[in-house]
Every structure is written in structure tokens, then in C-alpha cells.
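Structure data follow from start_3.txt (compact mmCIF, N, CA and C atoms):
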```
# COMPACT_ATOMS: atom_id res chain seq x y z
N MET V 168 107.53 189.94 73.74
CA MET V 168 106.33 189.77 72.95
C MET V 168 106.23 188.34 72.40
N ARG V 169 107.35 187.79 71.93
CA ARG V 169 107.35 186.43 71.40
C ARG V 169 106.96 185.43 72.49
N ARG V 170 107.49 185.66 73.70
CA ARG V 170 107.14 184.76 74.81
C ARG V 170 105.64 184.80 75.09
N PHE V 171 105.09 185.98 75.09
CA PHE V 171 103.66 186.14 75.36
C PHE V 171 102.85 185.37 74.31
N ILE V 172 103.20 185.52 73.04
CA ILE V 172 102.48 184.82 71.97
C ILE V 172 102.67 183.31 72.12
N PHE V 173 103.89 182.88 72.44
CA PHE V 173 104.16 181.45 72.64
C PHE V 173 103.28 180.89 73.77
N PHE V 174 103.24 181.57 74.90
CA PHE V 174 102.44 181.10 76.03
C PHE V 174 100.94 181.15 75.71
N LEU V 175 100.52 182.12 74.97
CA LEU V 175 99.12 182.23 74.57
C LEU V 175 98.74 181.06 73.66
N VAL V 176 99.59 180.76 72.69
CA VAL V 176 99.35 179.64 71.78
C VAL V 176 99.34 178.33 72.56
N MET V 177 100.29 178.14 73.48
CA MET V 177 100.34 176.92 74.28
C MET V 177 99.09 176.77 75.16
N ALA V 178 98.65 177.86 75.75
CA ALA V 178 97.46 177.81 76.60
C ALA V 178 96.24 177.42 75.78
N LEU V 179 96.11 177.98 74.59
CA LEU V 179 94.99 177.62 73.71
C LEU V 179 95.07 176.16 73.30
N PHE V 180 96.26 175.69 72.98
CA PHE V 180 96.46 174.29 72.58
C PHE V 180 96.07 173.34 73.72
N LEU V 181 96.54 173.62 74.93
CA LEU V 181 96.23 172.76 76.07
C LEU V 181 94.74 172.77 76.39
N THR V 182 94.11 173.91 76.28
CA THR V 182 92.67 174.00 76.52
C THR V 182 91.91 173.19 75.48
N ALA V 183 92.27 173.31 74.23
CA ALA V 183 91.61 172.57 73.16
C ALA V 183 91.84 171.06 73.33
N THR V 184 93.05 170.67 73.71
CA THR V 184 93.36 169.25 73.91
C THR V 184 92.53 168.68 75.06
N ALA V 185 92.39 169.42 76.14
CA ALA V 185 91.59 168.96 77.28
C ALA V 185 90.14 168.78 76.86
N GLU V 186 89.61 169.69 76.05
CA GLU V 186 88.23 169.58 75.56
C GLU V 186 88.04 168.32 74.72
N VAL V 187 89.01 168.03 73.87
CA VAL V 187 88.92 166.85 73.01
C VAL V 187 88.90 165.58 73.86
N PHE V 188 89.78 165.49 74.86
CA PHE V 188 89.83 164.29 75.69
C PHE V 188 88.59 164.19 76.57
N ALA V 189 88.05 165.29 77.03
CA ALA V 189 86.83 165.25 77.85
C ALA V 189 85.66 164.71 77.04
N HIS V 190 85.59 165.06 75.77
CA HIS V 190 84.49 164.61 74.93
C HIS V 190 84.74 163.21 74.39
N GLY V 191 85.89 162.63 74.63
CA GLY V 191 86.19 161.29 74.17
C GLY V 191 85.55 160.22 75.05
N LYS V 192 84.88 160.61 76.13
CA LYS V 192 84.23 159.67 77.03
C LYS V 192 83.04 159.03 76.34
N LYS V 193 82.85 157.72 76.57
CA LYS V 193 81.74 157.00 75.94
C LYS V 193 80.93 156.27 76.99
N ALA V 194 79.67 156.09 76.69
CA ALA V 194 78.78 155.34 77.58
C ALA V 194 79.23 153.88 77.62
N LYS V 195 78.88 153.22 78.71
CA LYS V 195 79.14 151.78 78.85
C LYS V 195 77.79 151.06 78.83
N PRO V 196 77.77 149.84 78.30
CA PRO V 196 76.50 149.10 78.31
C PRO V 196 76.08 148.80 79.75
N LEU V 197 74.82 149.09 80.08
CA LEU V 197 74.31 148.87 81.43
C LEU V 197 73.06 147.99 81.39
N PRO V 198 73.25 146.68 81.24
CA PRO V 198 72.08 145.79 81.17
C PRO V 198 71.42 145.64 82.54
N HIS V 199 70.08 145.56 82.54
CA HIS V 199 69.31 145.35 83.76
C HIS V 199 68.62 143.98 83.78
N PHE V 200 68.27 143.48 82.62
CA PHE V 200 67.43 142.29 82.54
C PHE V 200 68.10 141.21 81.70
N ALA V 201 68.01 139.97 82.16
CA ALA V 201 68.60 138.84 81.43
C ALA V 201 67.99 138.72 80.04
N GLU V 202 66.70 139.05 79.91
CA GLU V 202 66.03 138.93 78.62
C GLU V 202 66.21 140.17 77.74
N GLY V 203 66.90 141.18 78.25
CA GLY V 203 67.12 142.40 77.49
C GLY V 203 68.29 142.29 76.52
N ILE V 204 68.30 143.19 75.56
CA ILE V 204 69.41 143.31 74.60
C ILE V 204 69.98 144.71 74.80
N THR V 205 71.27 144.79 75.16
CA THR V 205 71.88 146.08 75.48
C THR V 205 72.98 146.42 74.50
N LYS V 206 72.98 147.68 74.05
CA LYS V 206 74.04 148.19 73.17
C LYS V 206 74.38 149.61 73.57
N VAL V 207 75.58 150.02 73.22
CA VAL V 207 75.96 151.42 73.32
C VAL V 207 75.64 152.04 71.97
N SER V 208 75.05 153.23 71.98
CA SER V 208 74.69 153.89 70.73
C SER V 208 75.92 154.11 69.85
N ASP V 209 75.69 154.30 68.56
CA ASP V 209 76.77 154.36 67.57
C ASP V 209 77.90 155.33 67.94
N ASN V 210 77.55 156.50 68.47
CA ASN V 210 78.57 157.49 68.82
C ASN V 210 78.96 157.46 70.29
N GLY V 211 78.46 156.47 71.02
CA GLY V 211 78.84 156.30 72.41
C GLY V 211 78.17 157.23 73.39
N LEU V 212 77.07 157.88 72.99
CA LEU V 212 76.42 158.83 73.88
C LEU V 212 75.50 158.19 74.91
N PHE V 213 74.88 157.05 74.56
CA PHE V 213 73.87 156.45 75.43
C PHE V 213 74.05 154.94 75.51
N SER V 214 73.63 154.38 76.64
CA SER V 214 73.45 152.94 76.79
C SER V 214 71.97 152.69 76.54
N ILE V 215 71.66 151.77 75.62
CA ILE V 215 70.27 151.49 75.25
C ILE V 215 70.02 150.00 75.46
N GLU V 216 69.02 149.70 76.29
CA GLU V 216 68.61 148.31 76.49
C GLU V 216 67.15 148.20 76.05
N ILE V 217 66.86 147.16 75.26
CA ILE V 217 65.48 146.91 74.88
C ILE V 217 65.04 145.55 75.45
N VAL V 218 63.78 145.50 75.85
CA VAL V 218 63.16 144.25 76.28
C VAL V 218 61.91 144.08 75.43
N LEU V 219 61.87 143.01 74.66
CA LEU V 219 60.75 142.75 73.76
C LEU V 219 59.54 142.27 74.54
N GLU V 220 58.35 142.73 74.15
CA GLU V 220 57.09 142.29 74.75
C GLU V 220 56.14 141.91 73.64
N PRO V 221 55.85 140.64 73.46
CA PRO V 221 56.35 139.49 74.22
C PRO V 221 57.82 139.23 73.92
N LEU V 222 58.45 138.39 74.76
CA LEU V 222 59.87 138.10 74.59
C LEU V 222 60.17 137.46 73.24
N LYS V 223 59.21 136.68 72.75
CA LYS V 223 59.31 136.10 71.41
C LYS V 223 58.28 136.84 70.55
N PRO V 224 58.74 137.84 69.79
CA PRO V 224 57.81 138.68 69.04
C PRO V 224 56.92 137.86 68.10
N LYS V 225 55.71 138.36 67.91
CA LYS V 225 54.74 137.69 67.06
C LYS V 225 54.37 138.59 65.90
N VAL V 226 53.80 137.99 64.88
CA VAL V 226 53.29 138.78 63.75
C VAL V 226 52.14 139.64 64.28
N GLY V 227 52.15 140.92 63.91
CA GLY V 227 51.13 141.86 64.39
C GLY V 227 51.76 142.91 65.27
N LYS V 228 50.92 143.51 66.14
CA LYS V 228 51.39 144.58 67.02
C LYS V 228 52.08 144.02 68.25
N ASN V 229 53.20 144.62 68.59
CA ASN V 229 54.00 144.25 69.75
C ASN V 229 54.41 145.53 70.48
N LYS V 230 55.10 145.36 71.62
CA LYS V 230 55.65 146.49 72.37
C LYS V 230 57.10 146.18 72.69
N ILE V 231 57.85 147.22 72.99
CA ILE V 231 59.18 147.04 73.55
C ILE V 231 59.36 148.04 74.68
N LYS V 232 60.14 147.65 75.68
CA LYS V 232 60.54 148.59 76.72
C LYS V 232 61.97 149.00 76.41
N VAL V 233 62.25 150.28 76.59
CA VAL V 233 63.58 150.82 76.32
C VAL V 233 64.09 151.46 77.61
N TYR V 234 65.31 151.09 77.99
CA TYR V 234 65.95 151.64 79.17
C TYR V 234 67.19 152.41 78.72
N LEU V 235 67.28 153.68 79.13
CA LEU V 235 68.34 154.56 78.65
C LEU V 235 69.19 155.10 79.79
N HIS V 236 70.51 155.18 79.52
CA HIS V 236 71.46 155.79 80.45
C HIS V 236 72.39 156.71 79.68
N ASP V 237 72.85 157.76 80.34
CA ASP V 237 73.78 158.69 79.70
C ASP V 237 75.22 158.20 79.86
N ILE V 238 76.16 159.02 79.47
CA ILE V 238 77.58 158.68 79.52
C ILE V 238 78.03 158.36 80.95
N ASP V 239 77.41 159.01 81.92
CA ASP V 239 77.79 158.81 83.32
C ASP V 239 77.03 157.68 83.99
N GLY V 240 76.18 156.96 83.22
CA GLY V 240 75.43 155.84 83.77
C GLY V 240 74.15 156.24 84.48
N LYS V 241 73.76 157.49 84.37
CA LYS V 241 72.53 157.97 85.01
C LYS V 241 71.34 157.72 84.10
N ASP V 242 70.17 157.47 84.72
CA ASP V 242 68.94 157.31 83.94
C ASP V 242 68.73 158.54 83.07
N LEU V 243 68.35 158.31 81.82
CA LEU V 243 68.16 159.40 80.87
C LEU V 243 66.68 159.78 80.84
N GLU V 244 66.35 160.85 81.53
CA GLU V 244 64.98 161.33 81.61
C GLU V 244 64.68 162.32 80.50
N GLY V 245 63.42 162.36 80.08
CA GLY V 245 62.97 163.38 79.14
C GLY V 245 63.56 163.29 77.75
N ALA V 246 63.97 162.11 77.35
CA ALA V 246 64.54 161.94 76.00
C ALA V 246 63.42 161.69 74.99
N LYS V 247 63.70 161.97 73.76
CA LYS V 247 62.80 161.61 72.67
C LYS V 247 63.32 160.29 72.10
N VAL V 248 62.46 159.28 72.08
CA VAL V 248 62.85 157.95 71.60
C VAL V 248 62.00 157.62 70.39
N GLU V 249 62.66 157.36 69.27
CA GLU V 249 61.98 156.98 68.04
C GLU V 249 62.44 155.58 67.64
N VAL V 250 61.47 154.74 67.28
CA VAL V 250 61.80 153.39 66.83
C VAL V 250 61.19 153.17 65.46
N LYS V 251 62.02 152.76 64.54
CA LYS V 251 61.55 152.41 63.19
C LYS V 251 61.78 150.92 62.99
N VAL V 252 60.82 150.28 62.32
CA VAL V 252 60.87 148.84 62.09
C VAL V 252 61.24 148.59 60.64
N TRP V 253 62.31 147.84 60.44
CA TRP V 253 62.81 147.53 59.10
C TRP V 253 62.71 146.03 58.88
N ASN V 254 61.97 145.60 57.86
CA ASN V 254 61.89 144.19 57.51
C ASN V 254 63.09 143.87 56.63
N LYS V 255 64.03 143.10 57.16
CA LYS V 255 65.26 142.79 56.44
C LYS V 255 65.02 141.84 55.27
N ASP V 256 64.04 140.93 55.43
CA ASP V 256 63.76 139.97 54.37
C ASP V 256 63.17 140.65 53.13
N LYS V 257 62.29 141.62 53.36
CA LYS V 257 61.62 142.32 52.26
C LYS V 257 62.32 143.62 51.89
N ASP V 258 63.30 144.02 52.72
CA ASP V 258 64.04 145.25 52.50
C ASP V 258 63.12 146.47 52.45
N ILE V 259 62.21 146.55 53.47
CA ILE V 259 61.30 147.71 53.53
C ILE V 259 61.23 148.27 54.95
N LEU V 260 61.01 149.56 55.02
CA LEU V 260 60.80 150.26 56.27
C LEU V 260 59.30 150.47 56.44
N PHE V 261 58.77 150.10 57.60
CA PHE V 261 57.33 150.22 57.80
C PHE V 261 56.91 151.65 57.99
N LYS V 262 55.76 151.97 57.42
CA LYS V 262 55.19 153.32 57.51
C LYS V 262 54.47 153.53 58.84
N ASP V 263 54.01 152.42 59.48
CA ASP V 263 53.31 152.55 60.76
C ASP V 263 54.23 153.22 61.76
N LYS V 264 53.71 154.24 62.42
CA LYS V 264 54.51 154.97 63.40
C LYS V 264 54.37 154.32 64.77
N THR V 265 55.51 154.10 65.40
CA THR V 265 55.49 153.61 66.76
C THR V 265 55.15 154.78 67.69
N LYS V 266 54.67 154.46 68.88
CA LYS V 266 54.32 155.48 69.86
C LYS V 266 55.15 155.24 71.11
N THR V 267 55.79 156.30 71.61
CA THR V 267 56.67 156.17 72.77
C THR V 267 56.15 157.00 73.93
N MET V 268 56.22 156.40 75.13
CA MET V 268 55.81 157.10 76.34
C MET V 268 56.83 156.81 77.44
N GLU V 269 57.27 157.86 78.13
CA GLU V 269 58.19 157.66 79.26
C GLU V 269 57.36 157.20 80.46
N THR V 270 57.74 156.08 81.07
CA THR V 270 56.98 155.52 82.18
C THR V 270 57.68 155.71 83.53
N ALA V 271 58.97 155.94 83.52
CA ALA V 271 59.76 156.18 84.74
C ALA V 271 61.08 156.81 84.28
N ASP V 272 61.91 157.19 85.26
CA ASP V 272 63.20 157.79 84.90
C ASP V 272 64.02 156.82 84.06
N GLY V 273 64.29 157.19 82.82
CA GLY V 273 65.10 156.36 81.93
C GLY V 273 64.38 155.16 81.35
N GLU V 274 63.07 155.03 81.59
CA GLU V 274 62.30 153.89 81.11
C GLU V 274 61.20 154.37 80.17
N TYR V 275 61.14 153.75 79.00
CA TYR V 275 60.17 154.14 77.97
C TYR V 275 59.48 152.89 77.45
N ILE V 276 58.21 153.03 77.10
CA ILE V 276 57.51 151.92 76.46
C ILE V 276 57.13 152.36 75.06
N VAL V 277 57.42 151.49 74.11
CA VAL V 277 57.14 151.79 72.71
C VAL V 277 56.06 150.82 72.25
N SER V 278 54.94 151.38 71.82
CA SER V 278 53.84 150.54 71.34
C SER V 278 53.70 150.70 69.83
N ASN V 279 52.84 149.88 69.26
CA ASN V 279 52.60 149.87 67.82
C ASN V 279 53.85 149.45 67.03
N VAL V 280 54.59 148.50 67.59
CA VAL V 280 55.73 147.92 66.89
C VAL V 280 55.16 146.76 66.07
N VAL V 281 55.03 146.98 64.77
CA VAL V 281 54.31 146.03 63.91
C VAL V 281 55.28 145.21 63.07
N TYR V 282 55.09 143.88 63.15
CA TYR V 282 55.80 142.95 62.28
C TYR V 282 54.75 142.32 61.37
N ASP V 283 54.93 142.43 60.06
CA ASP V 283 53.89 141.98 59.12
C ASP V 283 53.98 140.50 58.77
N ALA V 284 55.12 139.87 59.06
CA ALA V 284 55.29 138.45 58.71
C ALA V 284 56.44 137.89 59.53
N GLN V 285 56.57 136.58 59.53
CA GLN V 285 57.71 135.96 60.19
C GLN V 285 58.97 136.36 59.42
N GLY V 286 60.08 136.45 60.14
CA GLY V 286 61.34 136.77 59.46
C GLY V 286 62.25 137.63 60.31
N LEU V 287 63.23 138.23 59.66
CA LEU V 287 64.24 139.04 60.33
C LEU V 287 63.91 140.52 60.20
N TYR V 288 64.08 141.23 61.32
CA TYR V 288 63.78 142.66 61.38
C TYR V 288 64.92 143.40 62.07
N GLU V 289 64.98 144.70 61.82
CA GLU V 289 65.83 145.61 62.57
C GLU V 289 64.93 146.61 63.29
N LEU V 290 65.22 146.84 64.55
CA LEU V 290 64.61 147.94 65.28
C LEU V 290 65.64 149.04 65.32
N ARG V 291 65.35 150.14 64.65
CA ARG V 291 66.28 151.26 64.58
C ARG V 291 65.86 152.28 65.63
N VAL V 292 66.62 152.32 66.71
CA VAL V 292 66.27 153.15 67.86
C VAL V 292 67.11 154.43 67.83
N LYS V 293 66.41 155.56 67.80
CA LYS V 293 67.08 156.87 67.80
C LYS V 293 66.71 157.59 69.09
N VAL V 294 67.72 158.09 69.78
CA VAL V 294 67.52 158.78 71.05
C VAL V 294 68.03 160.21 70.90
N THR V 295 67.19 161.17 71.33
CA THR V 295 67.57 162.58 71.30
C THR V 295 67.33 163.17 72.68
N LYS V 296 68.34 163.82 73.21
CA LYS V 296 68.23 164.52 74.49
C LYS V 296 68.93 165.85 74.34
N SER V 297 68.19 166.93 74.54
CA SER V 297 68.70 168.28 74.31
C SER V 297 69.18 168.36 72.86
N SER V 298 70.44 168.70 72.65
CA SER V 298 70.94 168.82 71.28
C SER V 298 71.71 167.57 70.84
N GLU V 299 71.75 166.53 71.69
CA GLU V 299 72.50 165.32 71.36
C GLU V 299 71.57 164.23 70.85
N SER V 300 71.99 163.60 69.76
CA SER V 300 71.20 162.54 69.16
C SER V 300 72.12 161.40 68.75
N ASP V 301 71.64 160.16 68.96
CA ASP V 301 72.43 158.99 68.61
C ASP V 301 71.48 157.83 68.36
N LYS V 302 72.02 156.74 67.80
CA LYS V 302 71.13 155.63 67.45
C LYS V 302 71.84 154.29 67.64
N ALA V 303 71.02 153.24 67.64
CA ALA V 303 71.53 151.87 67.68
C ALA V 303 70.53 151.00 66.94
N ILE V 304 71.02 149.91 66.38
CA ILE V 304 70.17 148.98 65.62
C ILE V 304 70.18 147.63 66.34
N PHE V 305 68.97 147.09 66.54
CA PHE V 305 68.80 145.81 67.21
C PHE V 305 68.16 144.83 66.23
N ASP V 306 68.71 143.63 66.14
CA ASP V 306 68.15 142.58 65.29
C ASP V 306 67.12 141.79 66.05
N VAL V 307 66.00 141.51 65.39
CA VAL V 307 64.89 140.76 65.99
C VAL V 307 64.42 139.72 64.99
N GLU V 308 64.13 138.52 65.51
CA GLU V 308 63.56 137.48 64.66
C GLU V 308 62.13 137.20 65.11
N VAL V 309 61.22 137.22 64.17
CA VAL V 309 59.81 136.94 64.44
C VAL V 309 59.51 135.56 63.89
N LYS V 310 59.00 134.66 64.77
CA LYS V 310 58.71 133.28 64.35
C LYS V 310 57.22 133.02 64.42
```
Will you turn the file into C-alpha cells for me?
Amino acid sequence: MRRFIFFLVMALFLTATAEVFAHGKKAKPLPHFAEGITKVSDNGLFSIEIVLEPLKPKVGKNKIKVYLHDIDGKDLEGAKVEVKVWNKDKDILFKDKTKTMETADGEYIVSNVVYDAQGLYELRVKVTKSSESDKAIFDVEVK
């Protein structure tokens, strides 16, 4: 009986350890464009690349393209992408809502990205796919 319990406990331990190591996998940055800015999300779930449109952001409405990949480097289709604009100089989060549309597999365009003045901003990008959610912050300077 003791042997049975010992083997049962060991089997459960090994199964749990394998699960922990399997989930320890993290996405790698997968840049596509020289003008893009690529980061791995905070928890390592996604590779996120943004391309600013225009490349040198201006005061007013702008767009960004977002390219997403999962842990295995595959295009991330059907994700929910939210972008919030934070003015670092004024320490305020803009109320204007950005609008996101998927244009191709793993490619999203975000419109209504508003910068109210020249200065430093953060683009806070949140990605949700199924039950997994993660984020990354990108610094932008508007001149």
C-alpha cells in the first residue's frame, strides 16, 4: 500500500512539474519592418510589433498598425486589440477611444490614435485571445 501511494504521489508530482515547464514557454520578438517597434508582451504570451502611421507622429489623429504572433510564432488571428494613449508629460490618459480592425492574419490597424500636443506618450497595447490576455507599453515622441 505504501508503494502504491508513493508511486501515485510521484506520478502526480511529475505530471505537475511537466505542466509548469510547458507553460514556461515565452514568445520571441518577431520584427517584420525596419520602422517597426517590437516587444514581447509583459507575460511573454505574444510578440507585438507596432508601425506608426505616419512614422513621425503628428499632433491630432494618427493610426498604428499592429502585428501579433503567439508563443509559437504563428500569426495571431481573431484577437481583441485595445490601445490606450497616455500623455506622459501631462500624466493623463486620453478618453478618446481608439478603433481596431483586423486587416489580415495577425495584422490589425488602429485608428483614432490622438495626440493632443507635442511631447512624450505611451501606447498601452492590450491583446486578448480566448482566455489569455497580456500587454506591452510602447514609448512614442510627437514633434
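Proximity of V:Val280, V:Ser297, V:Val292, V:Val309 to V:Asn229, computed with only N, CA and C atoms, is greatest for V:Val280.
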- prompt: What is the atom CA of V:Pro198-atom CA of V:Ile217 distance in Å, reported with one decimal?
  reply: 9.2 Å
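For the atom pair formed by atom CA of V:Lys192 and atom N of V:Val307, the distance is 28.2 Å, given to one decimal.
Among the candidates V:Leu287, V:Ala201, V:Ala303, V:Met268, the residue lying nearest to V:Lys232 is V:Met268 (atoms considered: only C-alpha atoms).
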Sorted by chain and rising residue number, list the residues of stretch 253-284 of chain V at most 10 Å from stretch 236-241 of chain V (counting only C-alpha atoms), each with its closest atom pair and distance in Å to one decimal, as CSV.
```
residue,atom,partner,partner_atom,distance
V:Asp272,CA,V:Lys241,CA,9.3
V:Gly273,CA,V:His236,CA,6.6
V:Glu274,CA,V:His236,CA,9.4
```
message: What parts of stretch 187-271 of chain V does DSSP call strand (DSSP E)? I'd like the answer as a PyMOL selection string.
response: chain V and resi 204-207+214-220+227-236+247-254+259-260+266-271
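Minimum atom-to-atom distances from V:Leu212, V:Asn279, V:Pro224, V:Val218 to V:Lys266 were compared using only N, CA and C atoms, and the lowest value belongs to V:Asn279.
We find atom C of V:Leu222 and atom C of V:Thr205 to be spaced 15.7 Å apart.
Shortest atom-to-atom contact with V:Asp301 among V:Val277, V:Val207, V:Leu219, V:Ala284: V:Val207, counting only C-alpha atoms.
For the set V:Ser298, V:Glu289, V:Ile231, V:Ala271, the residue with the smallest atom-to-atom gap to V:Asp256 is V:Glu289, counting only C-alpha atoms.
Considering only chain V, backbone DSSP assigns alpha helix (DSSP H) to Arg169, Arg170, Phe171, Ile172, Phe173, Phe174, Leu175, Val176, Met177, Ala178, Leu179, Phe180, Leu181, Thr182, Ala183, Thr184, Ala185, Glu186, Val187, Phe188 and Ala189 of chain V.
Closest approach to V:Val294 among V:Asp306, V:Glu216, V:Glu202, V:Asp258 is made by V:Glu216 (distances from only C-alpha atoms).
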Selection: 7 Å around V:Tyr288, only C-alpha atoms, excl. self and same-chain fewer than 5 positions, as a short mmCIF file (atom, residue, chain, number, x, y, z; two decimals) with N, CA and C atoms, in the frame of the given file:
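Okay, part25.cif is ready:
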```
data_model
loop_
_atom_site.label_atom_id
_atom_site.label_comp_id
_atom_site.auth_asym_id
_atom_site.auth_seq_id
_atom_site.Cartn_x
_atom_site.Cartn_y
_atom_site.Cartn_z
N VAL V 252 60.82 150.28 62.32
CA VAL V 252 60.87 148.84 62.09
C VAL V 252 61.24 148.59 60.64
N TRP V 253 62.31 147.84 60.44
CA TRP V 253 62.81 147.53 59.10
C TRP V 253 62.71 146.03 58.88
N ASN V 254 61.97 145.60 57.86
CA ASN V 254 61.89 144.19 57.51
C ASN V 254 63.09 143.87 56.63
N LYS V 255 64.03 143.10 57.16
CA LYS V 255 65.26 142.79 56.44
C LYS V 255 65.02 141.84 55.27
N ASP V 306 68.71 143.63 66.14
CA ASP V 306 68.15 142.58 65.29
C ASP V 306 67.12 141.79 66.05
N VAL V 307 66.00 141.51 65.39
CA VAL V 307 64.89 140.76 65.99
C VAL V 307 64.42 139.72 64.99
N GLU V 308 64.13 138.52 65.51
CA GLU V 308 63.56 137.48 64.66
C GLU V 308 62.13 137.20 65.11
#
```
- prompt: Can you tell me, as a PyMOL selection string, what residues are no more than 8 Å from V:Thr267 when counting only N, CA and C atoms, ignoring any on the same chain fewer than 3 positions away?
  reply: chain V and resi 247-250+264+270+275-279
